[in-house]
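As provided, query39.cif (mmCIF, C-alpha atoms) reads as follows.
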data_structure
#
loop_
_atom_site.group_PDB
_atom_site.id
_atom_site.type_symbol
_atom_site.label_atom_id
_atom_site.label_comp_id
_atom_site.auth_asym_id
_atom_site.auth_seq_id
_atom_site.Cartn_x
_atom_site.Cartn_y
_atom_site.Cartn_z
ATOM 1 C CA MET A 1 1.241 8.815 -16.412
ATOM 2 C CA ARG A 2 3.174 7.898 -13.298
ATOM 3 C CA PHE A 3 6.247 5.658 -13.519
ATOM 4 C CA VAL A 4 6.986 3.817 -10.273
ATOM 5 C CA GLY A 5 9.872 1.464 -9.609
ATOM 6 C CA LEU A 6 9.263 -1.677 -7.570
ATOM 7 C CA THR A 7 12.177 -3.633 -6.165
ATOM 8 C CA GLY A 8 13.217 -5.895 -3.308
ATOM 9 C CA GLY A 9 15.691 -8.590 -2.455
ATOM 10 C CA MET A 10 15.265 -12.246 -3.381
ATOM 11 C CA GLY A 11 12.478 -13.837 -1.389
ATOM 12 C CA SER A 12 11.046 -10.491 -0.296
ATOM 13 C CA GLY A 13 7.735 -11.069 -2.080
ATOM 14 C CA LYS A 14 8.258 -8.428 -4.761
ATOM 15 C CA SER A 15 6.648 -10.547 -7.461
ATOM 16 C CA THR A 16 3.608 -11.125 -5.260
ATOM 17 C CA VAL A 17 3.238 -7.386 -4.712
ATOM 18 C CA SER A 18 3.624 -6.619 -8.418
ATOM 19 C CA ALA A 19 0.932 -9.190 -9.237
ATOM 20 C CA MET A 20 -1.390 -7.596 -6.683
ATOM 21 C CA LEU A 21 -0.803 -4.158 -8.182
ATOM 22 C CA GLU A 22 -1.468 -5.507 -11.671
ATOM 23 C CA GLU A 23 -4.756 -6.990 -10.401
ATOM 24 C CA ARG A 24 -5.714 -3.538 -9.128
ATOM 25 C CA GLY A 25 -5.138 -1.980 -12.525
ATOM 26 C CA ALA A 26 -1.465 -1.058 -12.774
ATOM 27 C CA VAL A 27 0.429 -1.473 -16.030
ATOM 28 C CA LEU A 28 3.259 -3.883 -15.229
ATOM 29 C CA VAL A 29 6.663 -3.870 -16.906
ATOM 30 C CA ASP A 30 8.324 -6.965 -15.433
ATOM 31 C CA ALA A 31 12.096 -7.227 -15.945
ATOM 32 C CA ASP A 32 12.187 -10.909 -14.959
ATOM 33 C CA ARG A 33 9.439 -11.725 -17.467
ATOM 34 C CA ILE A 34 11.268 -9.788 -20.173
ATOM 35 C CA THR A 35 14.502 -11.595 -19.319
ATOM 36 C CA ARG A 36 12.834 -14.974 -19.723
ATOM 37 C CA GLU A 37 11.411 -13.901 -23.087
ATOM 38 C CA LEU A 38 14.822 -12.722 -24.302
ATOM 39 C CA GLN A 39 16.475 -15.980 -23.187
ATOM 40 C CA GLN A 40 14.283 -18.234 -25.301
ATOM 41 C CA PRO A 41 16.050 -20.420 -27.906
ATOM 42 C CA GLY A 42 16.589 -18.593 -31.158
ATOM 43 C CA THR A 43 17.157 -15.184 -29.578
ATOM 44 C CA ALA A 44 20.426 -13.260 -29.685
ATOM 45 C CA VAL A 45 20.689 -13.383 -25.880
ATOM 46 C CA PHE A 46 20.263 -17.163 -25.779
ATOM 47 C CA ASP A 47 22.891 -17.633 -28.476
ATOM 48 C CA ALA A 48 25.332 -15.354 -26.652
ATOM 49 C CA ILE A 49 24.827 -17.229 -23.361
ATOM 50 C CA ARG A 50 25.356 -20.586 -25.053
ATOM 51 C CA GLU A 51 28.526 -19.333 -26.742
ATOM 52 C CA ARG A 52 29.935 -17.861 -23.532
ATOM 53 C CA PHE A 53 29.004 -20.603 -21.035
ATOM 54 C CA GLY A 54 28.842 -23.690 -23.228
ATOM 55 C CA PRO A 55 26.492 -26.683 -23.442
ATOM 56 C CA GLN A 56 26.513 -27.214 -19.674
ATOM 57 C CA VAL A 57 23.866 -24.470 -19.299
ATOM 58 C CA ILE A 58 21.554 -25.893 -21.988
ATOM 59 C CA ALA A 59 18.854 -28.352 -20.907
ATOM 60 C CA ALA A 60 18.077 -31.589 -22.759
ATOM 61 C CA ASP A 61 15.092 -29.951 -24.478
ATOM 62 C CA GLY A 62 17.288 -27.187 -25.895
ATOM 63 C CA THR A 63 16.142 -24.441 -23.547
ATOM 64 C CA LEU A 64 18.281 -22.548 -21.059
ATOM 65 C CA ASP A 65 18.969 -24.509 -17.885
ATOM 66 C CA ARG A 66 18.576 -21.630 -15.438
ATOM 67 C CA GLN A 67 19.693 -23.596 -12.400
ATOM 68 C CA ALA A 68 22.864 -24.776 -14.137
ATOM 69 C CA LEU A 69 23.598 -21.205 -15.181
ATOM 70 C CA ALA A 70 22.936 -19.953 -11.655
ATOM 71 C CA ASP A 71 25.304 -22.575 -10.265
ATOM 72 C CA VAL A 72 28.048 -21.121 -12.454
ATOM 73 C CA VAL A 73 27.513 -17.389 -12.055
ATOM 74 C CA PHE A 74 26.556 -17.048 -8.396
ATOM 75 C CA THR A 75 29.793 -18.620 -7.218
ATOM 76 C CA ASP A 76 32.082 -16.570 -9.479
ATOM 77 C CA PRO A 77 31.869 -12.746 -9.723
ATOM 78 C CA ASP A 78 33.618 -12.730 -13.115
ATOM 79 C CA GLU A 79 31.127 -15.186 -14.576
ATOM 80 C CA LEU A 80 28.224 -13.171 -13.147
ATOM 81 C CA ALA A 81 29.661 -10.019 -14.709
ATOM 82 C CA ALA A 82 29.922 -11.822 -18.051
ATOM 83 C CA LEU A 83 26.283 -12.901 -17.871
ATOM 84 C CA ASN A 84 25.136 -9.432 -16.858
ATOM 85 C CA ALA A 85 27.030 -7.934 -19.801
ATOM 86 C CA ILE A 86 24.984 -10.140 -22.122
ATOM 87 C CA VAL A 87 21.583 -9.848 -20.486
ATOM 88 C CA HIS A 88 21.290 -6.402 -18.927
ATOM 89 C CA PRO A 89 21.760 -4.256 -22.063
ATOM 90 C CA ALA A 90 19.176 -6.295 -23.969
ATOM 91 C CA VAL A 91 16.672 -6.154 -21.117
ATOM 92 C CA GLY A 92 17.266 -2.435 -20.635
ATOM 93 C CA GLU A 93 16.689 -1.799 -24.325
ATOM 94 C CA GLU A 94 13.413 -3.738 -24.276
ATOM 95 C CA ILE A 95 12.202 -1.951 -21.139
ATOM 96 C CA ALA A 96 13.010 1.400 -22.747
ATOM 97 C CA ARG A 97 11.098 0.387 -25.868
ATOM 98 C CA ARG A 98 8.023 -0.556 -23.858
ATOM 99 C CA LEU A 99 8.176 2.610 -21.783
ATOM 100 C CA GLY A 100 8.440 4.613 -24.983
ATOM 101 C CA GLU A 101 5.255 3.002 -26.244
ATOM 102 C CA LEU A 102 3.478 3.779 -22.982
ATOM 103 C CA THR A 103 4.652 7.394 -23.017
ATOM 104 C CA THR A 104 3.000 7.983 -26.380
ATOM 105 C CA ASP A 105 -0.206 6.172 -25.382
ATOM 106 C CA THR A 106 -3.245 8.459 -25.599
ATOM 107 C CA THR A 107 -5.841 5.875 -24.540
ATOM 108 C CA ALA A 108 -7.295 5.261 -21.097
ATOM 109 C CA GLU A 109 -4.213 3.140 -20.348
ATOM 110 C CA SER A 110 -2.245 6.356 -19.920
ATOM 111 C CA ALA A 111 -4.078 7.163 -16.669
ATOM 112 C CA ARG A 112 -2.902 3.957 -14.997
ATOM 113 C CA PRO A 113 0.287 3.850 -12.892
ATOM 114 C CA VAL A 114 3.149 2.040 -14.609
ATOM 115 C CA ILE A 115 5.039 -0.324 -12.316
ATOM 116 C CA LEU A 116 8.625 -1.196 -13.286
ATOM 117 C CA ASP A 117 9.300 -4.472 -11.473
ATOM 118 C CA ILE A 118 13.104 -4.637 -11.585
ATOM 119 C CA PRO A 119 15.138 -6.728 -9.106
ATOM 120 C CA LEU A 120 18.362 -4.733 -9.524
ATOM 121 C CA LEU A 121 16.731 -1.319 -9.728
ATOM 122 C CA VAL A 122 18.767 0.252 -6.933
ATOM 123 C CA GLU A 123 22.003 -1.214 -8.297
ATOM 124 C CA SER A 124 21.451 0.094 -11.816
ATOM 125 C CA GLY A 125 20.196 3.566 -10.892
ATOM 126 C CA ARG A 126 19.234 3.887 -14.517
ATOM 127 C CA TRP A 127 15.576 4.764 -14.699
ATOM 128 C CA ASP A 128 13.996 8.190 -14.304
ATOM 129 C CA LEU A 129 11.126 7.383 -11.956
ATOM 130 C CA ASP A 130 8.431 9.299 -10.129
ATOM 131 C CA ALA A 131 8.775 7.078 -7.057
ATOM 132 C CA LEU A 132 10.513 3.955 -5.771
ATOM 133 C CA VAL A 133 8.700 1.271 -3.766
ATOM 134 C CA VAL A 134 10.750 -1.331 -1.891
ATOM 135 C CA VAL A 135 9.326 -4.651 -0.712
ATOM 136 C CA ASP A 136 11.233 -5.563 2.431
ATOM 137 C CA CYS A 137 11.453 -8.478 4.843
ATOM 138 C CA ASP A 138 13.964 -9.999 7.223
ATOM 139 C CA PRO A 139 16.736 -11.619 5.136
ATOM 140 C CA GLU A 140 16.525 -14.922 7.021
ATOM 141 C CA LEU A 141 12.791 -15.058 6.390
ATOM 142 C CA ALA A 142 13.571 -14.498 2.709
ATOM 143 C CA VAL A 143 16.034 -17.409 2.781
ATOM 144 C CA GLU A 144 13.375 -19.602 4.395
ATOM 145 C CA ARG A 145 10.821 -18.630 1.740
ATOM 146 C CA LEU A 146 13.243 -19.379 -1.057
ATOM 147 C CA ALA A 147 14.015 -22.781 0.440
ATOM 148 C CA THR A 148 10.393 -23.805 1.001
ATOM 149 C CA GLY A 149 8.798 -22.080 -1.975
ATOM 150 C CA ARG A 150 11.380 -22.506 -4.710
ATOM 151 C CA GLY A 151 13.614 -25.266 -3.410
ATOM 152 C CA VAL A 152 16.667 -22.995 -3.317
ATOM 153 C CA ALA A 153 19.315 -24.243 -0.917
ATOM 154 C CA PRO A 154 19.957 -21.726 1.904
ATOM 155 C CA GLU A 155 23.631 -21.334 1.008
ATOM 156 C CA ASP A 156 22.689 -20.748 -2.634
ATOM 157 C CA ALA A 157 20.070 -18.178 -1.626
ATOM 158 C CA ARG A 158 22.560 -16.284 0.534
ATOM 159 C CA ALA A 159 25.149 -16.337 -2.266
ATOM 160 C CA ARG A 160 22.634 -14.833 -4.697
ATOM 161 C CA MET A 161 21.455 -12.244 -2.193
ATOM 162 C CA ALA A 162 25.057 -11.197 -1.584
ATOM 163 C CA THR A 163 25.286 -10.058 -5.222
ATOM 164 C CA GLN A 164 22.379 -7.622 -4.755
ATOM 165 C CA ALA A 165 22.205 -4.234 -3.055
ATOM 166 C CA SER A 166 22.039 -4.511 0.716
ATOM 167 C CA ARG A 167 18.789 -4.174 2.600
ATOM 168 C CA SER A 168 19.892 -0.806 4.001
ATOM 169 C CA GLU A 169 20.839 0.488 0.544
ATOM 170 C CA ARG A 170 17.393 -0.335 -0.831
ATOM 171 C CA LEU A 171 15.559 1.178 2.136
ATOM 172 C CA ALA A 172 17.606 4.370 1.923
ATOM 173 C CA LYS A 173 16.341 4.907 -1.633
ATOM 174 C CA ALA A 174 12.690 4.064 -0.971
ATOM 175 C CA ASP A 175 9.833 6.530 -1.223
ATOM 176 C CA ARG A 176 7.498 3.866 0.127
ATOM 177 C CA VAL A 177 8.186 0.521 1.847
ATOM 178 C CA VAL A 178 5.962 -2.557 1.858
ATOM 179 C CA HIS A 179 6.870 -4.632 4.918
ATOM 180 C CA ASN A 180 6.346 -8.283 4.019
ATOM 181 C CA ASP A 181 7.149 -10.063 7.286
ATOM 182 C CA GLY A 182 3.527 -10.939 8.043
ATOM 183 C CA ASP A 183 0.780 -12.992 6.446
ATOM 184 C CA LEU A 184 -1.006 -12.559 3.131
ATOM 185 C CA ALA A 185 -3.877 -10.594 4.660
ATOM 186 C CA ASP A 186 -1.426 -8.067 6.079
ATOM 187 C CA LEU A 187 0.291 -7.790 2.706
ATOM 188 C CA GLU A 188 -3.050 -7.251 0.928
ATOM 189 C CA GLY A 189 -3.818 -4.402 3.307
ATOM 190 C CA GLN A 190 -0.476 -2.740 2.643
ATOM 191 C CA VAL A 191 -0.920 -3.104 -1.113
ATOM 192 C CA ASP A 192 -4.381 -1.524 -0.851
ATOM 193 C CA ALA A 193 -2.799 1.445 0.940
ATOM 194 C CA LEU A 194 -0.013 1.568 -1.645
ATOM 195 C CA TRP A 195 -2.554 1.537 -4.489
ATOM 196 C CA THR A 196 -4.414 4.455 -2.907
ATOM 197 C CA TRP A 197 -1.123 6.348 -2.625
ATOM 198 C CA LEU A 198 -0.233 5.584 -6.248
ATOM 199 C CA THR A 199 -3.582 6.674 -7.660
ATOM 200 C CA LEU A 200 -4.585 9.554 -5.404
ATOM 201 C CA SER A 201 -1.359 11.232 -4.313
#

Spell out the structure here as structure tokens.
Amino acid sequence: MRFVGLTGGMGSGKSTVSAMLEERGAVLVDADRITRELQQPGTAVFDAIRERFGPQVIAADGTLDRQALADVVFTDPDELAALNAIVHPAVGEEIARRLGELTTDTTAESARPVILDIPLLVESGRWDLDALVVVDCDPELAVERLATGRGVAPEDARARMATQASRSERLAKADRVVHNDGDLADLEGQVDALWTWLTLS
């Protein structure tokens, strides 16, 4: 079983690449998906966030208001550190649990590459991986994508990106880079090549 990290800055297209790899047969461990699961009402993480940040980050339907929380933490390093102290250990523990299950898997699943889709993979430096793949694009293109695709204001996008590892830091750690400055057809071709590398190398 091969464990491969996948990371990239906001707006790079990392989630698109991870979805393409999953379609091709990879086992996906998605940190963002796990985070959303752990932040559902009734969980320990949700309760800790509500206690720390107050009712302003809770939506009318009782769920976490992610935009309200982002507005608080991405303009204040201390608040971001407080959120990370709540979320990251719980997410890390759940990822480790899932990887443990995969490690002991003796079915056909064990022959498939395992992709760890983790936004802050370079920053954490935590996981023992066989390879690291970085999805990269021009930062201003990423800002444009975030604005048009997710409705994130450019200044908000840049503030969030500033809390992540720099582009050069990610690229310096990469074993393989997917360049996502082109169109979808170009990206599909690169993912095909990446899949061949993951399964045959």

For A:Ala157, the closest of A:Thr35, A:Ser15, A:Thr75, A:Gln190 counting all atoms listed in the file is A:Thr75

What do you get, as an NGL selection string, if you spell out every residue that the PyMOL selection byres ((chain A and resi 159-176) around 6) selects here?
:A and (74 or 131-134 or 156-158 or 177)

Where does the PyMOL selection byres ((chain A and resi 90-98) around 10) land in this file, that is, which residues does it pick, as a PyMOL selection string?
chain A and resi 29-38+44-45+84-89+99-103+116+118+126-127

Which residues fall under the PyMOL selection byres ((chain A and resi 146-149) around 12) in this file, as number ranges by chain?
A: 9-13, 139-145, 150-158, 160-161

Store the residues of this selection in a file with C-alpha atoms, as a compact mmCIF listing (two decimals), keeping the file's coordinate frame.
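As a result, result25.txt now contains:
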# COMPACT_ATOMS: atom_id res chain seq x y z
CA GLY A 9 15.69 -8.59 -2.46
CA MET A 10 15.26 -12.25 -3.38
CA GLY A 11 12.48 -13.84 -1.39
CA SER A 12 11.05 -10.49 -0.30
CA GLY A 13 7.74 -11.07 -2.08
CA PRO A 139 16.74 -11.62 5.14
CA GLU A 140 16.52 -14.92 7.02
CA LEU A 141 12.79 -15.06 6.39
CA ALA A 142 13.57 -14.50 2.71
CA VAL A 143 16.03 -17.41 2.78
CA GLU A 144 13.38 -19.60 4.39
CA ARG A 145 10.82 -18.63 1.74
CA ARG A 150 11.38 -22.51 -4.71
CA GLY A 151 13.61 -25.27 -3.41
CA VAL A 152 16.67 -23.00 -3.32
CA ALA A 153 19.32 -24.24 -0.92
CA PRO A 154 19.96 -21.73 1.90
CA GLU A 155 23.63 -21.33 1.01
CA ASP A 156 22.69 -20.75 -2.63
CA ALA A 157 20.07 -18.18 -1.63
CA ARG A 158 22.56 -16.28 0.53
CA ARG A 160 22.63 -14.83 -4.70
CA MET A 161 21.46 -12.24 -2.19

Applying 12 Å and all atoms listed in the file, which residues near A:Arg24 remain after dropping the ones on its own chain fewer than 3 positions away? List them as a JSON list (two decimals) with C-alpha atoms, in the frame of the given file.
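Heads up, here's the output in result-v4.json:
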[["chain", "number", "residue", "atom", "x", "y", "z"],
["A", 17, "VAL", "CA", 3.24, -7.39, -4.71],
["A", 18, "SER", "CA", 3.62, -6.62, -8.42],
["A", 19, "ALA", "CA", 0.93, -9.19, -9.24],
["A", 20, "MET", "CA", -1.39, -7.60, -6.68],
["A", 21, "LEU", "CA", -0.80, -4.16, -8.18],
["A", 27, "VAL", "CA", 0.43, -1.47, -16.03],
["A", 28, "LEU", "CA", 3.26, -3.88, -15.23],
["A", 112, "ARG", "CA", -2.90, 3.96, -15.00],
["A", 113, "PRO", "CA", 0.29, 3.85, -12.89],
["A", 114, "VAL", "CA", 3.15, 2.04, -14.61],
["A", 115, "ILE", "CA", 5.04, -0.32, -12.32],
["A", 188, "GLU", "CA", -3.05, -7.25, 0.93],
["A", 191, "VAL", "CA", -0.92, -3.10, -1.11],
["A", 192, "ASP", "CA", -4.38, -1.52, -0.85],
["A", 193, "ALA", "CA", -2.80, 1.44, 0.94],
["A", 194, "LEU", "CA", -0.01, 1.57, -1.64],
["A", 195, "TRP", "CA", -2.55, 1.54, -4.49],
["A", 196, "THR", "CA", -4.41, 4.46, -2.91],
["A", 198, "LEU", "CA", -0.23, 5.58, -6.25],
["A", 199, "THR", "CA", -3.58, 6.67, -7.66]]

Could you work out how far atom CA of A:Leu64 lies from atom CA of A:Pro41, giving the answer in Å with one decimal?
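Computing it gives 7.5 Å between the two atoms.
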
Grab all the atoms of stretch 154-171 of chain A that the file lists, wrap them in a box along x, y and z, add 6 Å per side, and give me centre plus edge lengths in Å (one decimal) as JSON.
{"center_x": 20.4, "center_y": -10.3, "center_z": -0.6, "size_x": 21.7, "size_y": 34.9, "size_z": 21.2}

Report the distance between atom CA of A:Asp117 and atom CA of A:Lys14 in Å, rounded to one decimal place.
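Atom CA of A:Asp117 sits 7.9 Å away from atom CA of A:Lys14.
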
Nearest to A:Cys137: which of A:Gly125, A:Gly189, A:Gly182, A:Pro119 is it, counting only C-alpha atoms?
A:Gly182

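Note that the spacing between atom CA of A:Arg52 and atom CA of A:Gln40 amounts to 15.8 Å.
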
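These residues, each with an atom at most 8 Å from (9.4, -7.7, 5.7) using only C-alpha atoms, are Ser12, Val135, Asp136, Cys137, Asp138, Val178, His179, Asn180, Asp181 and Gly182 of chain A.
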